[in-house]
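Structure below is entry-v9.cif: mmCIF, C-alpha atoms and all ligand atoms.
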data_model
loop_
_atom_site.group_PDB
_atom_site.id
_atom_site.type_symbol
_atom_site.label_atom_id
_atom_site.label_comp_id
_atom_site.auth_asym_id
_atom_site.auth_seq_id
_atom_site.Cartn_x
_atom_site.Cartn_y
_atom_site.Cartn_z
ATOM 1 C CA MET A 17 48.272 -9.339 156.505
ATOM 2 C CA ASP A 18 51.103 -9.621 159.030
ATOM 3 C CA LEU A 19 53.341 -6.649 158.286
ATOM 4 C CA SER A 20 56.142 -7.704 160.607
ATOM 5 C CA THR A 21 56.497 -10.998 158.692
ATOM 6 C CA LEU A 22 56.393 -9.197 155.370
ATOM 7 C CA ARG A 23 59.126 -6.779 156.448
ATOM 8 C CA VAL A 24 61.521 -9.709 156.912
ATOM 9 C CA ASP A 25 61.379 -10.333 153.162
ATOM 10 C CA PHE A 26 62.775 -6.884 152.389
ATOM 11 C CA PRO A 27 66.394 -6.509 153.511
ATOM 12 C CA LEU A 28 66.340 -2.722 153.229
ATOM 13 C CA ILE A 29 63.456 -2.313 155.682
ATOM 14 C CA ALA A 30 64.107 -5.442 157.726
ATOM 15 C CA GLY A 31 67.324 -3.908 158.945
ATOM 16 C CA ARG A 32 65.686 -0.574 159.771
ATOM 17 C CA PRO A 33 62.651 -0.893 162.052
ATOM 18 C CA ASP A 34 62.474 2.930 162.187
ATOM 19 C CA LEU A 35 61.828 3.121 158.455
ATOM 20 C CA VAL A 36 58.288 3.169 157.045
ATOM 21 C CA TYR A 37 58.436 3.131 153.270
ATOM 22 C CA LEU A 38 55.308 4.558 151.600
ATOM 23 C CA ASP A 39 56.599 5.301 148.100
ATOM 24 C CA SER A 40 56.065 1.895 146.488
ATOM 25 C CA ALA A 41 53.976 3.326 143.653
ATOM 26 C CA ALA A 42 57.033 5.306 142.597
ATOM 27 C CA THR A 43 59.420 2.415 143.106
ATOM 28 C CA SER A 44 59.018 -0.645 145.293
ATOM 29 C CA GLN A 45 61.585 -2.096 147.633
ATOM 30 C CA LYS A 46 63.084 -5.418 146.556
ATOM 31 C CA PRO A 47 62.378 -8.693 148.315
ATOM 32 C CA ARG A 48 65.303 -10.890 149.307
ATOM 33 C CA ARG A 49 64.405 -13.449 146.618
ATOM 34 C CA VAL A 50 64.736 -10.865 143.871
ATOM 35 C CA ILE A 51 68.078 -9.598 145.123
ATOM 36 C CA GLU A 52 69.316 -13.156 145.545
ATOM 37 C CA SER A 53 68.166 -14.255 142.130
ATOM 38 C CA LEU A 54 69.971 -11.319 140.469
ATOM 39 C CA LYS A 55 73.091 -12.255 142.404
ATOM 40 C CA ARG A 56 72.674 -15.929 141.504
ATOM 41 C CA PHE A 57 72.376 -15.086 137.826
ATOM 42 C CA TYR A 58 75.618 -13.108 137.798
ATOM 43 C CA GLU A 59 77.407 -15.649 139.952
ATOM 44 C CA THR A 60 76.281 -18.798 138.139
ATOM 45 C CA LEU A 61 74.588 -18.133 134.787
ATOM 46 C CA ASN A 62 75.841 -14.926 133.228
ATOM 47 C CA ALA A 63 76.690 -15.355 129.525
ATOM 48 C CA ASN A 64 75.657 -14.004 126.142
ATOM 49 C CA VAL A 65 71.965 -14.721 125.588
ATOM 50 C CA HIS A 66 70.922 -16.093 122.164
ATOM 51 C CA ARG A 67 74.345 -15.542 120.667
ATOM 52 C CA GLY A 68 76.684 -18.165 122.038
ATOM 53 C CA ALA A 69 77.154 -21.811 120.991
ATOM 54 C CA TYR A 70 78.396 -23.096 124.319
ATOM 55 C CA ARG A 71 76.703 -24.564 127.370
ATOM 56 C CA LEU A 72 76.704 -21.553 129.692
ATOM 57 C CA SER A 73 75.230 -19.351 126.984
ATOM 58 C CA ALA A 74 72.524 -21.961 126.327
ATOM 59 C CA GLU A 75 71.677 -22.030 130.033
ATOM 60 C CA ALA A 76 71.520 -18.234 130.226
ATOM 61 C CA THR A 77 69.283 -18.234 127.155
ATOM 62 C CA GLU A 78 67.007 -20.810 128.743
ATOM 63 C CA ALA A 79 66.673 -18.699 131.906
ATOM 64 C CA TYR A 80 65.975 -15.610 129.817
ATOM 65 C CA GLU A 81 63.304 -17.375 127.793
ATOM 66 C CA GLU A 82 61.779 -18.768 130.983
ATOM 67 C CA ALA A 83 61.384 -15.193 132.221
ATOM 68 C CA ARG A 84 59.644 -14.333 128.947
ATOM 69 C CA LYS A 85 57.228 -17.247 129.396
ATOM 70 C CA ARG A 86 56.475 -16.236 132.969
ATOM 71 C CA LEU A 87 55.732 -12.683 131.961
ATOM 72 C CA ALA A 88 53.478 -13.979 129.202
ATOM 73 C CA ARG A 89 51.547 -16.091 131.717
ATOM 74 C CA PHE A 90 51.359 -13.144 134.094
ATOM 75 C CA LEU A 91 49.734 -10.961 131.412
ATOM 76 C CA ASN A 92 47.919 -13.683 129.450
ATOM 77 C CA ALA A 93 50.009 -12.793 126.412
ATOM 78 C CA ASN A 94 51.979 -15.078 124.090
ATOM 79 C CA PRO A 95 55.705 -15.427 124.858
ATOM 80 C CA GLN A 96 56.693 -14.098 121.431
ATOM 81 C CA GLU A 97 54.769 -10.904 122.228
ATOM 82 C CA ILE A 98 56.944 -10.082 125.256
ATOM 83 C CA VAL A 99 59.475 -7.348 124.478
ATOM 84 C CA PHE A 100 61.940 -6.609 127.259
ATOM 85 C CA VAL A 101 62.571 -2.914 127.752
ATOM 86 C CA ARG A 102 63.928 -0.844 130.626
ATOM 87 C CA ASN A 103 60.622 0.538 131.880
ATOM 88 C CA THR A 104 57.205 1.901 130.923
ATOM 89 C CA THR A 105 58.708 5.126 129.618
ATOM 90 C CA GLU A 106 60.888 3.211 127.192
ATOM 91 C CA ALA A 107 57.973 0.973 126.173
ATOM 92 C CA MET A 108 55.737 3.949 125.387
ATOM 93 C CA ASN A 109 58.522 5.629 123.418
ATOM 94 C CA LEU A 110 59.105 2.405 121.513
ATOM 95 C CA VAL A 111 55.469 2.240 120.420
ATOM 96 C CA ALA A 112 55.297 5.936 119.565
ATOM 97 C CA TYR A 113 58.544 5.971 117.582
ATOM 98 C CA ALA A 114 58.500 2.483 116.044
ATOM 99 C CA TRP A 115 54.809 2.380 115.147
ATOM 100 C CA GLY A 116 53.677 6.010 115.347
ATOM 101 C CA LEU A 117 56.457 7.616 113.362
ATOM 102 C CA ARG A 118 55.961 5.152 110.528
ATOM 103 C CA ASN A 119 52.163 5.121 110.426
ATOM 104 C CA LEU A 120 50.809 8.492 111.578
ATOM 105 C CA LYS A 121 50.309 11.365 109.177
ATOM 106 C CA GLU A 122 48.685 14.772 108.994
ATOM 107 C CA GLY A 123 44.973 14.575 109.739
ATOM 108 C CA ASP A 124 45.389 11.542 112.009
ATOM 109 C CA GLU A 125 44.632 11.780 115.696
ATOM 110 C CA VAL A 126 46.035 10.174 118.818
ATOM 111 C CA LEU A 127 43.500 9.987 121.621
ATOM 112 C CA VAL A 128 44.924 10.101 125.145
ATOM 113 C CA THR A 129 43.316 11.021 128.454
ATOM 114 C CA GLU A 130 43.668 14.018 130.736
ATOM 115 C CA MET A 131 45.110 11.731 133.406
ATOM 116 C CA GLU A 132 48.091 10.334 131.471
ATOM 117 C CA HIS A 133 51.489 10.136 133.097
ATOM 118 C CA HIS A 134 54.135 12.095 131.183
ATOM 119 C CA ALA A 135 55.517 8.764 129.963
ATOM 120 C CA GLY A 136 52.277 8.197 128.051
ATOM 121 C CA LEU A 137 51.979 11.737 126.801
ATOM 122 C CA VAL A 138 55.360 13.165 125.815
ATOM 123 C CA PRO A 139 56.248 10.437 123.254
ATOM 124 C CA TRP A 140 52.954 11.008 121.424
ATOM 125 C CA HIS A 141 53.394 14.793 121.477
ATOM 126 C CA LEU A 142 56.890 14.476 120.034
ATOM 127 C CA VAL A 143 55.800 12.008 117.352
ATOM 128 C CA ALA A 144 52.766 14.168 116.554
ATOM 129 C CA GLY A 145 55.153 17.085 116.040
ATOM 130 C CA LEU A 146 57.151 14.985 113.585
ATOM 131 C CA THR A 147 54.199 13.532 111.668
ATOM 132 C CA GLY A 148 51.573 16.290 111.746
ATOM 133 C CA ALA A 149 49.127 14.111 113.708
ATOM 134 C CA ARG A 150 47.000 15.754 116.382
ATOM 135 C CA ILE A 151 46.645 14.828 120.057
ATOM 136 C CA ARG A 152 43.228 14.924 121.685
ATOM 137 C CA ALA A 153 42.318 13.941 125.233
ATOM 138 C CA ILE A 154 39.357 12.286 126.942
ATOM 139 C CA PRO A 155 38.375 14.769 129.687
ATOM 140 C CA LEU A 156 37.760 13.999 133.358
ATOM 141 C CA THR A 157 34.577 14.319 135.382
ATOM 142 C CA GLU A 158 34.435 16.183 138.700
ATOM 143 C CA GLU A 159 35.058 12.862 140.476
ATOM 144 C CA GLY A 160 38.298 12.269 138.599
ATOM 145 C CA ARG A 161 36.919 9.595 136.280
ATOM 146 C CA LEU A 162 37.157 9.547 132.513
ATOM 147 C CA ASP A 163 34.184 11.196 130.886
ATOM 148 C CA LEU A 164 33.324 8.431 128.432
ATOM 149 C CA SER A 165 30.390 10.377 127.015
ATOM 150 C CA ALA A 166 33.041 12.449 125.220
ATOM 151 C CA LEU A 167 33.985 9.376 123.175
ATOM 152 C CA ASP A 168 30.925 9.915 120.991
ATOM 153 C CA THR A 169 32.518 13.016 119.521
ATOM 154 C CA LEU A 170 36.200 12.207 120.061
ATOM 155 C CA LEU A 171 36.322 8.697 118.607
ATOM 156 C CA THR A 172 36.164 9.223 114.876
ATOM 157 C CA GLU A 173 37.828 7.471 111.946
ATOM 158 C CA ARG A 174 40.652 10.022 112.278
ATOM 159 C CA VAL A 175 41.770 8.385 115.516
ATOM 160 C CA LYS A 176 44.553 5.884 114.779
ATOM 161 C CA VAL A 177 45.741 5.268 118.353
ATOM 162 C CA VAL A 178 44.013 5.349 121.703
ATOM 163 C CA SER A 179 46.633 5.497 124.462
ATOM 164 C CA VAL A 180 45.312 5.227 128.006
ATOM 165 C CA VAL A 181 46.651 4.765 131.483
ATOM 166 C CA HIS A 182 45.090 1.697 133.132
ATOM 167 C CA MET A 183 45.410 3.001 136.685
ATOM 168 C CA SER A 184 46.202 6.627 137.452
ATOM 169 C CA ASN A 185 49.354 7.255 139.469
ATOM 170 C CA VAL A 186 47.831 10.495 140.758
ATOM 171 C CA LEU A 187 44.209 9.569 141.464
ATOM 172 C CA GLY A 188 44.295 5.787 141.774
ATOM 173 C CA THR A 189 41.412 5.670 139.298
ATOM 174 C CA ILE A 190 41.063 2.365 137.466
ATOM 175 C CA ASN A 191 39.996 3.129 133.941
ATOM 176 C CA PRO A 192 37.526 0.955 131.987
ATOM 177 C CA VAL A 193 40.150 -0.005 129.434
ATOM 178 C CA ALA A 194 38.208 -2.955 127.987
ATOM 179 C CA GLU A 195 35.258 -0.713 127.154
ATOM 180 C CA ILE A 196 37.484 2.015 125.698
ATOM 181 C CA ALA A 197 39.366 -0.599 123.659
ATOM 182 C CA ARG A 198 36.138 -2.039 122.293
ATOM 183 C CA ARG A 199 35.055 1.442 121.151
ATOM 184 C CA ALA A 200 38.531 2.148 119.740
ATOM 185 C CA LYS A 201 38.466 -1.037 117.668
ATOM 186 C CA GLU A 202 35.161 0.050 116.129
ATOM 187 C CA VAL A 203 37.002 2.912 114.431
ATOM 188 C CA GLY A 204 40.055 0.748 113.687
ATOM 189 C CA ALA A 205 42.357 2.411 116.238
ATOM 190 C CA LEU A 206 45.233 0.658 118.014
ATOM 191 C CA VAL A 207 45.002 0.476 121.791
ATOM 192 C CA VAL A 208 48.055 1.265 123.913
ATOM 193 C CA VAL A 209 47.814 0.769 127.677
ATOM 194 C CA ASP A 210 50.136 2.240 130.305
ATOM 195 C CA GLY A 211 50.098 -0.488 132.934
ATOM 196 C CA ALA A 212 52.801 0.947 135.207
ATOM 197 C CA GLN A 213 50.404 1.160 138.156
ATOM 198 C CA SER A 214 47.913 -1.570 137.271
ATOM 199 C CA ALA A 215 50.352 -4.449 136.736
ATOM 200 C CA PRO A 216 51.574 -4.216 140.356
ATOM 201 C CA HIS A 217 48.039 -4.018 141.775
ATOM 202 C CA LEU A 218 45.525 -5.862 139.577
ATOM 203 C CA PRO A 219 45.369 -9.141 137.711
ATOM 204 C CA VAL A 220 46.087 -8.126 134.120
ATOM 205 C CA ASN A 221 44.758 -10.001 131.110
ATOM 206 C CA VAL A 222 45.859 -8.186 127.976
ATOM 207 C CA LYS A 223 43.533 -10.225 125.766
ATOM 208 C CA ALA A 224 40.472 -9.464 127.900
ATOM 209 C CA LEU A 225 41.495 -5.797 127.983
ATOM 210 C CA GLY A 226 41.779 -5.674 124.197
ATOM 211 C CA ALA A 227 45.214 -4.063 124.474
ATOM 212 C CA ASP A 228 47.390 -4.116 121.365
ATOM 213 C CA PHE A 229 50.273 -2.828 123.491
ATOM 214 C CA PHE A 230 50.658 -2.964 127.258
ATOM 215 C CA ALA A 231 53.589 -1.463 129.168
ATOM 216 C CA LEU A 232 54.885 -2.146 132.673
ATOM 217 C CA SER A 233 57.898 -1.363 134.850
ATOM 218 C CA GLY A 234 59.541 -4.106 136.910
ATOM 219 C CA HIS A 235 60.864 -1.700 139.522
ATOM 220 C CA LYS A 236 57.324 -0.768 140.620
ATOM 221 C CA MET A 237 56.372 -4.399 141.221
ATOM 222 C CA LEU A 238 59.194 -5.799 143.356
ATOM 223 C CA GLY A 239 61.424 -6.438 140.349
ATOM 224 C CA PRO A 240 64.783 -4.952 139.514
ATOM 225 C CA THR A 241 65.200 -1.423 138.241
ATOM 226 C CA GLY A 242 65.948 -1.422 134.522
ATOM 227 C CA ALA A 243 63.673 -4.320 133.575
ATOM 228 C CA GLY A 244 60.306 -3.605 132.021
ATOM 229 C CA VAL A 245 58.007 -5.165 129.479
ATOM 230 C CA LEU A 246 56.138 -4.067 126.403
HETATM 231 N N1 LIG B 301 53.008 5.567 133.902
HETATM 232 C C1 LIG B 301 52.552 5.642 135.146
HETATM 233 C C2 LIG B 301 51.078 5.579 135.392
HETATM 234 C C3 LIG B 301 53.445 5.781 136.216
HETATM 235 O O1 LIG B 301 52.977 5.839 137.479
HETATM 236 C C4 LIG B 301 54.827 5.830 135.946
HETATM 237 C C5 LIG B 301 55.828 5.991 137.062
HETATM 238 N N2 LIG B 301 55.444 6.916 138.034
HETATM 239 C C6 LIG B 301 55.255 5.726 134.622
HETATM 240 C C7 LIG B 301 54.321 5.591 133.629
HETATM 241 C C8 LIG B 301 56.696 5.758 134.252
HETATM 242 O O2 LIG B 301 57.324 4.640 134.749
HETATM 243 P P1 LIG B 301 58.894 4.440 134.591
HETATM 244 O O3 LIG B 301 59.550 5.614 135.259
HETATM 245 O O4 LIG B 301 59.176 3.156 135.280
HETATM 246 O O5 LIG B 301 59.191 4.407 133.148
#
Could you render the structure as structure tokens?
Ligand code: PMP
Amino acid sequence: MDLSTLRVDFPLIAGRPDLVYLDSAATSQKPRRVIESLKRFYETLNANVHRGAYRLSAEATEAYEEARKRLARFLNANPQEIVFVRNTTEAMNLVAYAWGLRNLKEGDEVLVTEMEHHAGLVPWHLVAGLTGARIRAIPLTEEGRLDLSALDTLLTERVKVVSVVHMSNVLGTINPVAEIARRAKEVGALVVVDGAQSAPHLPVNVKALGADFFALSGHKMLGPTGAGVL
């Protein structure tokens, strides 16, 4: 990898040879193409999407739907499954409030892990408080991996949702989501995956993972801030 060539693609660092940016997991810098394509949209295509009966609106709608198709290909999902949100936090809240609030009740359990980001934890805690459901967590081993042996006791018919982070933002651990999802399905639980760190770093195939919901943030993967996907 030739770093000096890569730097040219990022206007913010290209213009500042003194700057070494090491916080991409928190938010990535934006390549020229992304900045230019945002500018191009506002300068040439901006119009009401899906709500206007005139040419510019139809073109904006087409561009918007093309983005949906690309995201679907990127995740191996179907285009109609792509929900645009602002970021992972909003996606997780959407699942917890739209699905959880309506379907969880006292006696139900939501299974998370001890390595969740707050974005994957707080929405479930709040919705549990409103519904009477209980939160339980898959513990970690000494090496910072999920202790899957705990699933034998944790994964019961009471568990209605298993919500796991695909790649830890703290440890870098890649969790065996496909295996966890397979076990979750055996007890009829929905599988929610926080892909904020995995989508930028790994090929993601939501079907192979067995994810019912998968969340990502555009701003962590070279995209614009304020554009995410559920
Ligand atoms: N989950 C993980 C694993 C993260 O690393 C982050 C961001 N640090 C989030 C969720 C939240 O992402 P956002 O702020 O884009 O909603």
Which residues fall under the PyMOL selection byres (((not hetatm)) within 9 of (chain B and resi 301)) in this file, as a ChimeraX atom specification?
-> /A:41-43,102-108,131-136,181-186,210-214,231-236,241-244
Report as a PyMOL selection string the residues that result from applying the PyMOL selection byres (((chain A and resi 48) around 7) and not hetatm) to the structure here.
-> chain A and resi 25-27+46-47+49-52
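For the set A:Ser44, A:Thr129, A:Ser20, A:Asn191, the residue with the smallest atom-to-atom gap to Leu225 in chain A is A:Asn191, counting all atoms listed in the file.
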Would you translate the PyMOL selection byres (((chain A and resi 201-208) around 9) and not hetatm) into the concrete set of residues it matches in this file, as a PyMOL selection string?
-> chain A and resi 108+111+126+171-181+196-200+209-210+226-231
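Among the candidates A:Asn62, A:Gln45, A:Ser73, A:Asn92, the one nearest to Leu22 in chain A when counting all atoms listed in the file is A:Gln45.
The coordinates place CA of Ala112 in chain A at 9.1 Å from CA of Ala144 in chain A.
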Around the point (59.6, -5.9, 129.9), in the coordinates given by the file, pick out the residues reaching within 6 Å, counting only C-alpha atoms, and return them as a ChimeraX atom specification.
-> /A:99-101,243-246
What would the file look like if the residues just selected were written as a CSV table (one decimal), in the coordinates of the input with C-alpha atoms?
chain,number,residue,atom,x,y,z
A,99,VAL,CA,59.5,-7.3,124.5
A,100,PHE,CA,61.9,-6.6,127.3
A,101,VAL,CA,62.6,-2.9,127.8
A,243,ALA,CA,63.7,-4.3,133.6
A,244,GLY,CA,60.3,-3.6,132.0
A,245,VAL,CA,58.0,-5.2,129.5
A,246,LEU,CA,56.1,-4.1,126.4
Just so I have it separately, write range 127-138 of chain A from the block I sent, keeping all heavy atoms, as an mmCIF file, in the first residue's frame.
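See selection19.cif below for the written result:
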data_model
loop_
_atom_site.group_PDB
_atom_site.id
_atom_site.type_symbol
_atom_site.label_atom_id
_atom_site.label_comp_id
_atom_site.auth_asym_id
_atom_site.auth_seq_id
_atom_site.Cartn_x
_atom_site.Cartn_y
_atom_site.Cartn_z
ATOM 1 N N LEU A 127 -30.773 -10.441 24.823
ATOM 2 C CA LEU A 127 -29.403 -10.897 25.097
ATOM 3 C C LEU A 127 -28.420 -10.030 24.327
ATOM 4 O O LEU A 127 -28.479 -9.954 23.096
ATOM 5 C CB LEU A 127 -29.263 -12.369 24.700
ATOM 6 C CG LEU A 127 -27.938 -13.042 25.061
ATOM 7 C CD1 LEU A 127 -27.689 -13.009 26.572
ATOM 8 C CD2 LEU A 127 -27.924 -14.495 24.578
ATOM 9 N N VAL A 128 -27.546 -9.352 25.067
ATOM 10 C CA VAL A 128 -26.500 -8.529 24.446
ATOM 11 C C VAL A 128 -25.150 -9.163 24.808
ATOM 12 O O VAL A 128 -25.099 -10.317 25.214
ATOM 13 C CB VAL A 128 -26.594 -7.062 24.940
ATOM 14 C CG1 VAL A 128 -27.891 -6.419 24.474
ATOM 15 C CG2 VAL A 128 -26.448 -6.973 26.453
ATOM 16 N N THR A 129 -24.077 -8.412 24.622
ATOM 17 C CA THR A 129 -22.777 -8.928 25.049
ATOM 18 C C THR A 129 -22.130 -7.892 25.960
ATOM 19 O O THR A 129 -22.536 -6.725 25.969
ATOM 20 C CB THR A 129 -21.825 -9.178 23.854
ATOM 21 O OG1 THR A 129 -21.302 -7.906 23.432
ATOM 22 C CG2 THR A 129 -22.513 -9.868 22.707
ATOM 23 N N GLU A 130 -21.105 -8.317 26.680
ATOM 24 C CA GLU A 130 -20.404 -7.393 27.565
ATOM 25 C C GLU A 130 -19.499 -6.446 26.796
ATOM 26 O O GLU A 130 -18.854 -5.603 27.382
ATOM 27 C CB GLU A 130 -19.591 -8.174 28.612
ATOM 28 C CG GLU A 130 -20.448 -8.668 29.750
ATOM 29 C CD GLU A 130 -19.654 -9.387 30.819
ATOM 30 O OE1 GLU A 130 -18.416 -9.535 30.661
ATOM 31 O OE2 GLU A 130 -20.273 -9.811 31.811
ATOM 32 N N MET A 131 -19.430 -6.613 25.463
ATOM 33 C CA MET A 131 -18.573 -5.695 24.701
ATOM 34 C C MET A 131 -19.385 -4.779 23.775
ATOM 35 O O MET A 131 -18.846 -4.232 22.818
ATOM 36 C CB MET A 131 -17.494 -6.448 23.920
ATOM 37 C CG MET A 131 -18.004 -7.344 22.826
ATOM 38 S SD MET A 131 -16.679 -7.886 21.719
ATOM 39 C CE MET A 131 -16.078 -9.360 22.527
ATOM 40 N N GLU A 132 -20.677 -4.600 24.077
ATOM 41 C CA GLU A 132 -21.472 -3.701 23.217
ATOM 42 C C GLU A 132 -21.013 -2.260 23.351
ATOM 43 O O GLU A 132 -20.612 -1.797 24.422
ATOM 44 C CB GLU A 132 -22.967 -3.775 23.592
ATOM 45 C CG GLU A 132 -23.644 -5.079 23.267
ATOM 46 C CD GLU A 132 -23.382 -5.560 21.850
ATOM 47 O OE1 GLU A 132 -23.769 -4.876 20.894
ATOM 48 O OE2 GLU A 132 -22.778 -6.637 21.695
ATOM 49 N N HIS A 133 -21.129 -1.539 22.263
ATOM 50 C CA HIS A 133 -21.004 -0.078 22.280
ATOM 51 C C HIS A 133 -22.291 0.459 22.924
ATOM 52 O O HIS A 133 -23.329 -0.195 22.862
ATOM 53 C CB HIS A 133 -20.886 0.407 20.834
ATOM 54 C CG HIS A 133 -20.625 1.869 20.686
ATOM 55 N ND1 HIS A 133 -21.623 2.806 20.729
ATOM 56 C CD2 HIS A 133 -19.475 2.545 20.476
ATOM 57 C CE1 HIS A 133 -21.093 4.010 20.551
ATOM 58 N NE2 HIS A 133 -19.793 3.876 20.396
ATOM 59 N N HIS A 134 -22.216 1.635 23.516
ATOM 60 C CA HIS A 134 -23.416 2.225 24.119
ATOM 61 C C HIS A 134 -24.598 2.266 23.163
ATOM 62 O O HIS A 134 -25.741 2.114 23.562
ATOM 63 C CB HIS A 134 -23.107 3.649 24.608
ATOM 64 C CG HIS A 134 -22.876 3.693 26.082
ATOM 65 N ND1 HIS A 134 -22.712 4.859 26.785
ATOM 66 C CD2 HIS A 134 -22.798 2.705 26.984
ATOM 67 C CE1 HIS A 134 -22.541 4.583 28.053
ATOM 68 N NE2 HIS A 134 -22.580 3.276 28.205
ATOM 69 N N ALA A 135 -24.286 2.467 21.865
ATOM 70 C CA ALA A 135 -25.356 2.563 20.861
ATOM 71 C C ALA A 135 -26.165 1.269 20.767
ATOM 72 O O ALA A 135 -27.329 1.280 20.385
ATOM 73 C CB ALA A 135 -24.769 2.897 19.499
ATOM 74 N N GLY A 136 -25.530 0.143 21.137
ATOM 75 C CA GLY A 136 -26.226 -1.134 21.074
ATOM 76 C C GLY A 136 -26.755 -1.571 22.428
ATOM 77 O O GLY A 136 -27.311 -2.666 22.560
ATOM 78 N N LEU A 137 -26.577 -0.744 23.401
ATOM 79 C CA LEU A 137 -26.932 -1.120 24.773
ATOM 80 C C LEU A 137 -28.037 -0.220 25.330
ATOM 81 O O LEU A 137 -29.057 -0.709 25.831
ATOM 82 C CB LEU A 137 -25.676 -0.971 25.640
ATOM 83 C CG LEU A 137 -25.536 -1.831 26.871
ATOM 84 C CD1 LEU A 137 -25.739 -3.295 26.544
ATOM 85 C CD2 LEU A 137 -24.159 -1.602 27.491
ATOM 86 N N VAL A 138 -27.819 1.085 25.215
ATOM 87 C CA VAL A 138 -28.751 2.040 25.841
ATOM 88 C C VAL A 138 -30.177 1.901 25.283
ATOM 89 O O VAL A 138 -31.130 1.869 26.066
ATOM 90 C CB VAL A 138 -28.218 3.487 25.720
ATOM 91 C CG1 VAL A 138 -29.214 4.493 26.286
ATOM 92 C CG2 VAL A 138 -26.870 3.614 26.423
#
